[in-house]
>>> print(open('my_file.pdb').read())   # PDB, C-alpha atoms
ATOM      1  CA  MET P   1      85.444  34.835 -38.881
ATOM      2  CA  THR P   2      84.226  31.370 -39.797
ATOM      3  CA  GLY P   3      86.140  28.080 -39.950
ATOM      4  CA  SER P   4      86.695  26.597 -43.402
ATOM      5  CA  LEU P   5      89.276  23.788 -42.981
ATOM      6  CA  MET P   6      87.687  20.700 -41.467
ATOM      7  CA  THR P   7      89.004  17.316 -40.420
ATOM      8  CA  SER P   8      87.968  14.321 -42.518
ATOM      9  CA  GLU P   9      86.224  12.628 -39.588
ATOM     10  CA  SER P  10      84.331  15.508 -37.986
ATOM     11  CA  ASN P  11      83.234  19.085 -38.412
ATOM     12  CA  ILE P  12      86.009  20.367 -36.125
ATOM     13  CA  PRO P  13      88.394  22.766 -37.933
ATOM     14  CA  ILE P  14      91.918  21.414 -38.454
ATOM     15  CA  GLY P  15      94.353  22.520 -35.774
ATOM     16  CA  LEU P  16      91.802  23.304 -33.056
ATOM     17  CA  GLU P  17      92.793  21.217 -30.048
ATOM     18  CA  PRO P  18      91.539  22.793 -26.803
ATOM     19  CA  ARG P  19      94.000  22.142 -24.001
ATOM     20  CA  THR P  20      94.055  23.362 -20.408
ATOM     21  CA  HIS P  21      97.168  24.506 -18.573
ATOM     22  CA  TRP P  22      97.836  25.594 -15.009
ATOM     23  CA  ALA P  23      98.604  29.326 -14.699
ATOM     24  CA  GLY P  24     100.173  30.277 -11.394
ATOM     25  CA  ILE P  25      98.506  29.351  -8.115
ATOM     26  CA  ASP P  26      95.030  30.633  -9.038
ATOM     27  CA  GLY P  27      94.661  30.350 -12.801
ATOM     28  CA  VAL P  28      93.545  27.963 -15.526
ATOM     29  CA  LEU P  29      94.306  28.682 -19.190
ATOM     30  CA  LEU P  30      92.469  27.008 -22.046
ATOM     31  CA  ARG P  31      94.231  27.339 -25.407
ATOM     32  CA  PHE P  32      92.597  26.448 -28.728
ATOM     33  CA  ALA P  33      95.703  26.603 -30.950
ATOM     34  CA  LEU P  34      99.367  27.592 -31.028
ATOM     35  CA  THR P  35      98.934  30.200 -33.756
ATOM     36  CA  ALA P  36      96.449  33.002 -34.365
ATOM     37  CA  LYS P  37      94.103  31.143 -36.706
ATOM     38  CA  PRO P  38      90.768  32.879 -37.435
ATOM     39  CA  GLU P  39      88.917  29.748 -36.274
ATOM     40  CA  ALA P  40      90.799  29.742 -32.965
ATOM     41  CA  MET P  41      90.115  33.462 -32.473
ATOM     42  CA  ALA P  42      86.403  32.912 -33.069
ATOM     43  CA  ALA P  43      86.317  29.956 -30.674
ATOM     44  CA  THR P  44      88.108  32.046 -28.048
ATOM     45  CA  GLN P  45      85.568  34.853 -28.295
ATOM     46  CA  LEU P  46      82.687  32.386 -28.110
ATOM     47  CA  LEU P  47      84.136  30.706 -25.030
ATOM     48  CA  ALA P  48      84.801  34.037 -23.315
ATOM     49  CA  ALA P  49      81.236  35.175 -24.022
ATOM     50  CA  ASP P  50      79.855  31.876 -22.709
ATOM     51  CA  LEU P  51      81.917  32.175 -19.518
ATOM     52  CA  GLU P  52      80.808  35.782 -19.010
ATOM     53  CA  ALA P  53      77.160  34.773 -19.420
ATOM     54  CA  LYS P  54      77.439  31.719 -17.155
ATOM     55  CA  THR P  55      80.425  32.332 -14.911
ATOM     56  CA  PRO P  56      81.548  29.253 -12.954
ATOM     57  CA  ALA P  57      81.437  29.528  -9.176
ATOM     58  CA  GLY P  58      84.614  30.910  -7.656
ATOM     59  CA  VAL P  59      85.890  32.651 -10.799
ATOM     60  CA  VAL P  60      87.131  36.203 -10.140
ATOM     61  CA  GLU P  61      88.482  37.152 -13.588
ATOM     62  CA  ILE P  62      87.940  36.122 -17.223
ATOM     63  CA  ALA P  63      90.749  37.273 -19.513
ATOM     64  CA  PRO P  64      90.546  36.299 -23.207
ATOM     65  CA  GLY P  65      93.679  36.293 -25.360
ATOM     66  CA  LEU P  66      93.938  35.850 -29.124
ATOM     67  CA  VAL P  67      93.543  32.053 -29.014
ATOM     68  CA  SER P  68      93.146  31.360 -25.295
ATOM     69  CA  VAL P  69      91.050  32.219 -22.258
ATOM     70  CA  LEU P  70      92.469  32.595 -18.744
ATOM     71  CA  LEU P  71      90.335  32.122 -15.650
ATOM     72  CA  ARG P  72      91.519  33.339 -12.267
ATOM     73  CA  PHE P  73      89.713  31.849  -9.298
ATOM     74  CA  ASP P  74      89.377  31.980  -5.530
ATOM     75  CA  PRO P  75      90.983  28.744  -4.222
ATOM     76  CA  GLY P  76      88.684  28.915  -1.200
ATOM     77  CA  LYS P  77      85.604  28.582  -3.415
ATOM     78  CA  THR P  78      86.572  26.166  -6.180
ATOM     79  CA  ARG P  79      89.316  23.838  -7.367
ATOM     80  CA  ARG P  80      91.497  24.119 -10.440
ATOM     81  CA  GLU P  81      90.554  20.643 -11.672
ATOM     82  CA  VAL P  82      86.842  21.484 -11.548
ATOM     83  CA  LEU P  83      87.344  24.603 -13.677
ATOM     84  CA  ALA P  84      89.621  22.811 -16.140
ATOM     85  CA  THR P  85      87.031  20.101 -16.667
ATOM     86  CA  GLU P  86      84.233  22.618 -17.184
ATOM     87  CA  MET P  87      86.274  24.779 -19.577
ATOM     88  CA  SER P  88      87.250  21.735 -21.636
ATOM     89  CA  ALA P  89      83.636  20.602 -21.925
ATOM     90  CA  ARG P  90      82.452  24.053 -23.003
ATOM     91  CA  ALA P  91      85.309  24.383 -25.505
ATOM     92  CA  GLN P  92      84.544  21.013 -27.096
ATOM     93  CA  HIS P  93      80.894  21.992 -27.465
ATOM     94  CA  ILE P  94      81.890  25.295 -29.102
ATOM     95  CA  ILE P  95      84.270  23.857 -31.715
ATOM     96  CA  GLN P  96      81.682  21.321 -32.837
ATOM     97  CA  GLY P  97      79.284  24.142 -33.718
ATOM     98  CA  GLN P  98      79.356  27.106 -36.077
ATOM     99  CA  LEU P  99      82.428  29.224 -35.369
ATOM    100  CA  ASP P 100      80.910  32.638 -35.927
ATOM    101  CA  THR P 101      82.032  35.416 -33.613
ATOM    102  CA  PRO P 102      79.302  36.456 -31.164
ATOM    103  CA  PRO P 103      77.512  39.714 -31.983
ATOM    104  CA  PRO P 104      79.118  42.701 -30.259
ATOM    105  CA  ALA P 105      77.502  44.234 -27.219
ATOM    106  CA  ARG P 106      79.111  47.623 -27.904
ATOM    107  CA  ARG P 107      80.424  49.565 -30.892
ATOM    108  CA  TRP P 108      83.006  52.349 -30.874
ATOM    109  CA  THR P 109      83.316  54.839 -33.725
ATOM    110  CA  ILE P 110      86.779  56.395 -33.583
ATOM    111  CA  PRO P 111      87.908  59.375 -35.715
ATOM    112  CA  ALA P 112      91.272  58.757 -37.386
ATOM    113  CA  ALA P 113      93.536  60.458 -39.916
ATOM    114  CA  PHE P 114      95.276  58.262 -42.472
ATOM    115  CA  GLY P 115      98.367  58.784 -44.608
ATOM    116  CA  ASP P 116     100.858  61.657 -44.831
ATOM    117  CA  ALA P 117     102.518  62.449 -41.490
ATOM    118  CA  ASP P 118      99.835  60.542 -39.575
ATOM    119  CA  GLY P 119     100.288  57.371 -41.641
ATOM    120  CA  PRO P 120     103.727  57.528 -43.242
ATOM    121  CA  GLN P 121     103.645  53.885 -44.387
ATOM    122  CA  LEU P 122     100.139  53.861 -45.827
ATOM    123  CA  ALA P 123     101.360  53.881 -49.438
ATOM    124  CA  GLU P 124     103.777  51.023 -48.720
ATOM    125  CA  VAL P 125     101.010  48.990 -47.089
ATOM    126  CA  ALA P 126      98.528  49.712 -49.890
ATOM    127  CA  GLN P 127     101.052  48.512 -52.487
ATOM    128  CA  ALA P 128     101.600  45.294 -50.531
ATOM    129  CA  VAL P 129      97.839  44.749 -50.239
ATOM    130  CA  GLY P 130      97.421  45.462 -53.971
ATOM    131  CA  CYS P 131      95.292  48.585 -53.949
ATOM    132  CA  SER P 132      95.517  52.381 -53.879
ATOM    133  CA  PRO P 133      96.011  54.282 -50.593
ATOM    134  CA  ASP P 134      92.420  55.573 -50.799
ATOM    135  CA  ALA P 135      91.125  52.023 -51.276
ATOM    136  CA  ALA P 136      93.226  50.846 -48.332
ATOM    137  CA  ILE P 137      91.643  53.502 -46.108
ATOM    138  CA  ARG P 138      88.168  52.417 -47.259
ATOM    139  CA  GLN P 139      88.951  48.776 -46.497
ATOM    140  CA  ILE P 140      90.094  49.658 -42.974
ATOM    141  CA  CYS P 141      87.061  51.841 -42.311
ATOM    142  CA  GLU P 142      84.543  49.388 -43.798
ATOM    143  CA  ALA P 143      85.928  46.227 -42.176
ATOM    144  CA  ASP P 144      83.947  44.397 -39.488
ATOM    145  CA  LEU P 145      86.532  44.932 -36.767
ATOM    146  CA  ARG P 146      86.542  43.763 -33.169
ATOM    147  CA  VAL P 147      88.849  44.200 -30.217
ATOM    148  CA  LEU P 148      90.439  40.751 -30.220
ATOM    149  CA  VAL P 149      92.477  41.182 -27.057
ATOM    150  CA  ILE P 150      93.817  43.851 -24.711
ATOM    151  CA  GLY P 151      97.545  43.467 -24.184
ATOM    152  CA  PHE P 152     101.193  44.572 -24.395
ATOM    153  CA  ALA P 153     100.415  47.830 -22.557
ATOM    154  CA  PRO P 154      97.496  48.849 -20.284
ATOM    155  CA  GLY P 155      94.300  49.106 -22.312
ATOM    156  CA  GLN P 156      96.040  48.636 -25.670
ATOM    157  CA  PRO P 157      93.784  46.896 -28.213
ATOM    158  CA  TYR P 158      94.650  44.396 -30.907
ATOM    159  CA  ILE P 159      91.896  44.859 -33.500
ATOM    160  CA  GLY P 160      90.891  42.568 -36.370
ATOM    161  CA  LEU P 161      90.507  40.907 -38.608
ATOM    162  CA  LEU P 162      91.181  42.766 -41.846
ATOM    163  CA  PRO P 163      90.655  40.994 -45.207
ATOM    164  CA  GLU P 164      93.079  38.174 -46.070
ATOM    165  CA  ALA P 165      95.151  40.401 -48.366
ATOM    166  CA  TRP P 166      96.196  42.271 -45.211
ATOM    167  CA  ASP P 167      98.095  39.281 -43.821
ATOM    168  CA  LEU P 168     101.291  41.342 -43.929
ATOM    169  CA  PRO P 169     104.466  40.331 -42.100
ATOM    170  CA  ARG P 170     106.030  42.473 -39.438
ATOM    171  CA  GLN P 171     108.927  44.669 -40.476
ATOM    172  CA  SER P 172     112.402  43.139 -40.387
ATOM    173  CA  GLU P 173     113.546  46.054 -38.188
ATOM    174  CA  LEU P 174     111.821  48.099 -35.495
ATOM    175  CA  THR P 175     110.601  51.626 -36.057
ATOM    176  CA  PRO P 176     112.260  53.356 -33.053
ATOM    177  CA  THR P 177     109.142  55.319 -32.119
ATOM    178  CA  VAL P 178     105.605  56.078 -33.268
ATOM    179  CA  PRO P 179     103.480  58.708 -31.502
ATOM    180  CA  ALA P 180     100.640  58.204 -29.066
ATOM    181  CA  GLY P 181      97.520  57.379 -31.049
ATOM    182  CA  ALA P 182      99.436  55.715 -33.891
ATOM    183  CA  ILE P 183      97.450  53.077 -35.800
ATOM    184  CA  VAL P 184      99.748  50.321 -37.022
ATOM    185  CA  VAL P 185      99.062  47.185 -39.040
ATOM    186  CA  ALA P 186     100.393  43.635 -39.518
ATOM    187  CA  VAL P 187      99.031  40.059 -39.739
ATOM    188  CA  ARG P 188      95.471  41.248 -40.526
ATOM    189  CA  GLN P 189      95.364  43.235 -37.286
ATOM    190  CA  LEU P 190      95.524  46.855 -36.185
ATOM    191  CA  VAL P 191      96.946  48.234 -32.959
ATOM    192  CA  MET P 192      96.226  51.673 -31.513
ATOM    193  CA  PHE P 193      99.053  52.849 -29.284
ATOM    194  CA  GLY P 194      98.038  54.699 -26.145
ATOM    195  CA  ALA P 195     101.539  56.155 -25.761
ATOM    196  CA  SER P 196     104.570  56.587 -27.978
ATOM    197  CA  SER P 197     106.308  53.276 -28.593
ATOM    198  CA  ALA P 198     108.726  51.338 -30.735
ATOM    199  CA  THR P 199     107.014  48.926 -33.135
ATOM    200  CA  GLY P 200     107.647  46.355 -35.800
ATOM    201  CA  TRP P 201     104.298  47.119 -37.434
ATOM    202  CA  ARG P 202     103.664  49.732 -40.134
ATOM    203  CA  GLN P 203     101.954  53.014 -39.268
ATOM    204  CA  VAL P 204      98.987  53.849 -41.506
ATOM    205  CA  GLY P 205      97.080  56.355 -39.374
ATOM    206  CA  ARG P 206      96.640  58.144 -36.071
ATOM    207  CA  SER P 207      93.788  58.889 -33.679
ATOM    208  CA  ALA P 208      93.396  61.075 -30.608
ATOM    209  CA  PHE P 209      91.956  58.124 -28.672
ATOM    210  CA  ARG P 210      93.971  57.150 -25.591
ATOM    211  CA  SER P 211      93.359  53.587 -24.513
ATOM    212  CA  PHE P 212      94.599  54.157 -20.953
ATOM    213  CA  ARG P 213      94.190  57.159 -18.689
ATOM    214  CA  PRO P 214      94.528  56.303 -14.979
ATOM    215  CA  GLU P 215      92.632  59.430 -13.907
ATOM    216  CA  ARG P 216      89.438  58.477 -15.797
ATOM    217  CA  ASP P 217      86.527  56.774 -14.059
ATOM    218  CA  THR P 218      87.119  53.955 -16.567
ATOM    219  CA  PRO P 219      90.886  54.006 -17.155
ATOM    220  CA  MET P 220      90.706  51.367 -19.922
ATOM    221  CA  PRO P 221      87.474  51.949 -21.892
ATOM    222  CA  LEU P 222      87.848  49.208 -24.509
ATOM    223  CA  ARG P 223      86.877  45.591 -23.892
ATOM    224  CA  ALA P 224      87.641  42.422 -25.792
ATOM    225  CA  GLY P 225      84.755  41.828 -28.203
ATOM    226  CA  ASP P 226      83.932  45.523 -28.737
ATOM    227  CA  ALA P 227      83.188  46.402 -32.356
ATOM    228  CA  ILE P 228      85.410  49.127 -33.818
ATOM    229  CA  ARG P 229      84.686  51.477 -36.715
ATOM    230  CA  PHE P 230      87.236  54.056 -37.835
ATOM    231  CA  ALA P 231      85.837  57.312 -39.247
ATOM    232  CA  PRO P 232      88.339  59.132 -41.512
ATOM    233  CA  VAL P 233      88.893  62.806 -40.668
ATOM    234  CA  PRO P 234      91.507  65.449 -41.620
ATOM    235  CA  ALA P 235      94.742  65.608 -39.639
ATOM    236  CA  SER P 236      93.750  69.036 -38.326
ATOM    237  CA  GLU P 237      90.688  67.510 -36.648
ATOM    238  CA  ILE P 238      92.851  64.955 -34.837
ATOM    239  CA  GLU P 239      94.992  67.782 -33.493
ATOM    240  CA  ALA P 240      91.871  69.518 -32.153
ATOM    241  CA  LEU P 241      90.472  66.300 -30.657
ATOM    242  CA  GLU P 242      93.718  65.726 -28.777
ATOM    243  CA  GLN P 243      92.797  68.678 -26.576
ATOM    244  CA  ALA P 244      89.766  66.870 -25.118
ATOM    245  CA  ALA P 245      90.260  66.277 -21.408
ATOM    246  CA  ASP P 246      88.730  62.772 -21.438
ATOM    247  CA  GLY P 247      91.330  61.416 -23.867
ATOM    248  CA  LEU P 248      88.661  59.687 -25.953
ATOM    249  CA  GLY P 249      89.516  61.709 -29.036
ATOM    250  CA  GLY P 250      85.934  62.190 -30.156
ATOM    251  CA  ALA P 251      85.161  58.464 -30.027
ATOM    252  CA  ARG P 252      81.460  57.577 -29.721
ATOM    253  CA  LEU P 253      80.206  54.481 -27.913
ATOM    254  CA  LYS P 254      76.924  52.793 -28.830
ATOM    255  CA  VAL P 255      75.534  50.032 -26.637
ATOM    256  CA  LEU P 256      73.983  47.418 -28.941
ATOM    257  CA  ARG P 257      72.523  44.959 -26.442
TER     258      ARG P 257
END
>>> encode(input="my_file.pdb", output="C-alpha cells")
Amino acid sequence: MTGSLMTSESNIPIGLEPRTHWAGIDGVLLRFALTAKPEAMAATQLLAADLEAKTPAGVVEIAPGLVSVLLRFDPGKTRREVLATEMSARAQHIIQGQLDTPPPARRWTIPAAFGDADGPQLAEVAQAVGCSPDAAIRQICEADLRVLVIGFAPGQPYIGLLPEAWDLPRQSELTPTVPAGAIVVAVRQLVMFGASSATGWRQVGRSAFRSFRPERDTPMPLRAGDAIRFAPVPASEIEALEQAADGLGGARLKVLR
C-alpha cells in the first residue's frame, strides 16, 4: 500500500491533508483524507502504530479508522490542544516519508469456504474482476490482507486491500440477509460478518469465525493491523468448525513480533 501520486512541489501524495477535529468532550480526531485512498490508509496505520509505540501522556484510547485516528484522553492529565499539536506534527512527518504499511505484529489464518451456497455471488464477482471463480479464490487467499479497521458492529473487521481490479462498487440494492460468518466484498475490501446482517456487498464465501463473543476472555479477538490469510476448505469443514465452543472457527493466530 504505497503512495504513487505526488504533488509537484513535494513528495507528499496528492490529497493527503492531515487535519485535526474535536470529538466530543474527550477526543481528538486526525483525518488524512475524505475518501479511502490507499495512501491515506497507509498513513493512518503508520500513525496508529507510532501512537501505540509512543503514547502521549493522558491518552486512554487509540482508535484507528480507515483514514483517521481518534485519541480519547483524560482531561485531568492533558489538554486537547496539546494532543492536536502532537498528532499533527507526527502526521506531517509520516506523510513526508515512505508510505508503506507497518509490518504486522500478528497473523491470523482463517479457514473459509468459497462459492456455491457459501459464496452465491462468487461467479458474479469473478466476472466483474475479469477472471475465473477459481482464480478469484486464489487472489483472495494469496493477497497481503490486513484488518484496516474494526467497525459497524462489535469486533467486525474491514479487511484489505485486494488488487485494484477488485475496486467493485456496492450493489444498487441491499441483500436482505447474509448468514453469520459471511465474507462479502466491495471497494477492494472484505468484511466478515459476526452475525447475520443485511448488506450491500456481494457474498463470496463464509467462515466459522465469529468476530464477537461476549463470553470469551477476549470478546473481540481481531485488532486493526492484524494480517489475515484465508485458507480455502470444503463447506462441510465449515459446518464442523461452527461447533467449536470458542467461536474461532479453526482460526490460528501467529505472533510475529
>>> closest_residue(input="my_file.pdb", among="P:Pro234, P:Phe152, P:Ile94, P:Arg229", to="Ala198 in chain P", atoms="all atoms listed in the file")
P:Phe152
>>> atom_distance(input="my_file.pdb", atom1="CA of Glu39 in chain P", atom2="CA of Glu142 in chain P")
21.5 Å
>>> atom_distance(input="my_file.pdb", atom1="CA of His93 in chain P", atom2="CA of Ala42 in chain P")
13.5 Å
>>> resolve_selection(input="my_file.pdb", expression="the PyMOL selection byres ((chain P and resi 73) around 10)", output="list in words")
Ile25, Asp26, Gly27, Val28, Pro56, Ala57, Gly58, Val59, Val60, Glu61, Ile62, Leu70, Leu71, Arg72, Asp74, Pro75, Gly76, Lys77, Thr78, Arg79, Arg80 and Leu83 of chain P
>>> closest_residue(input="my_file.pdb", among="P:Leu145, P:Leu168, P:Ala113, P:Leu190", to="Val129 in chain P", atoms="all atoms listed in the file")
P:Leu168
>>> residues_around(input="my_file.pdb", residues="Thr109 in chain P", least_positions_apart="2", cutoff="9 Å", atoms="all atoms listed in the file", output="number ranges by chain")
P: 107, 111, 227-231, 250-254
>>> atom_distance(input="my_file.pdb", atom1="CA of Ala153 in chain P", atom2="CA of Arg206 in chain P")
17.4 Å
>>> residues_near_point(input="my_file.pdb", point="(99.8, 56.6, -47.4)", cutoff="9 Å", atoms="all atoms listed in the file", output="list in words")
Phe114, Gly115, Asp116, Ala117, Asp118, Gly119, Pro120, Gln121, Leu122, Ala123, Glu124, Val125, Ala126, Ser132, Pro133, Asp134, Ala136, Ile137, Val204 and Gly205 of chain P
>>> residues_around(input="my_file.pdb", residues="Ala165 in chain P", least_positions_apart="5", cutoff="12 Å", atoms="only C-alpha atoms", output="list in words")
Val125, Ala126, Gln127, Ala128, Val129, Gly130, Cys131, Ala136, Gln139, Ile140, Ala186, Val187, Arg188 and Gln189 of chain P
>>> closest_residue(input="my_file.pdb", among="P:Thr199, P:Gln92, P:Gln156, P:Ser207", to="Thr44 in chain P", atoms="only C-alpha atoms")
P:Gln92
>>> resolve_selection(input="my_file.pdb", expression="the PyMOL selection byres ((chain P and resi 159) around 6)", output="list of chain:residue names")
P:Arg146, P:Val147, P:Leu148, P:Pro157, P:Tyr158, P:Gly160, P:Gln189, P:Leu190
>>> axis_aligned_box(input="my_file.pdb", around="range 16-34 of chain P", padding_each_side="6 Å", output="JSON")
{"center_x": 95.9, "center_y": 25.9, "center_z": -20.6, "size_x": 20.6, "size_y": 21.4, "size_z": 36.9}
>>> closest_residue(input="my_file.pdb", among="P:Val67, P:Leu46, P:Ala53, P:Gly249", to="Gly15 in chain P", atoms="only C-alpha atoms")
P:Val67
>>> resolve_selection(input="my_file.pdb", expression="the PyMOL selection byres ((chain P and resi 180) around 8)", output="PyMOL selection string")
chain P and resi 178-179+181-182+193-197+208+210
>>> closest_residue(input="my_file.pdb", among="P:Pro163, P:Gly155, P:Pro169, P:Gly247", to="Ser211 in chain P", atoms="all atoms listed in the file")
P:Gly155
>>> closest_residue(input="my_file.pdb", among="P:Leu34, P:Val149, P:Ala91, P:Gln45", to="Pro104 in chain P", atoms="all atoms listed in the file")
P:Gln45
>>> residues_around(input="my_file.pdb", residues="Val69 in chain P", least_positions_apart="6", cutoff="7 Å", atoms="only C-alpha atoms", output="compact mmCIF listing (two decimals) with C-alpha atoms, keeping the file's coordinate frame")
# COMPACT_ATOMS: atom_id res chain seq x y z
CA LEU P 29 94.31 28.68 -19.19
CA LEU P 30 92.47 27.01 -22.05
CA ARG P 31 94.23 27.34 -25.41
CA THR P 44 88.11 32.05 -28.05
CA ALA P 48 84.80 34.04 -23.32
CA ALA P 63 90.75 37.27 -19.51
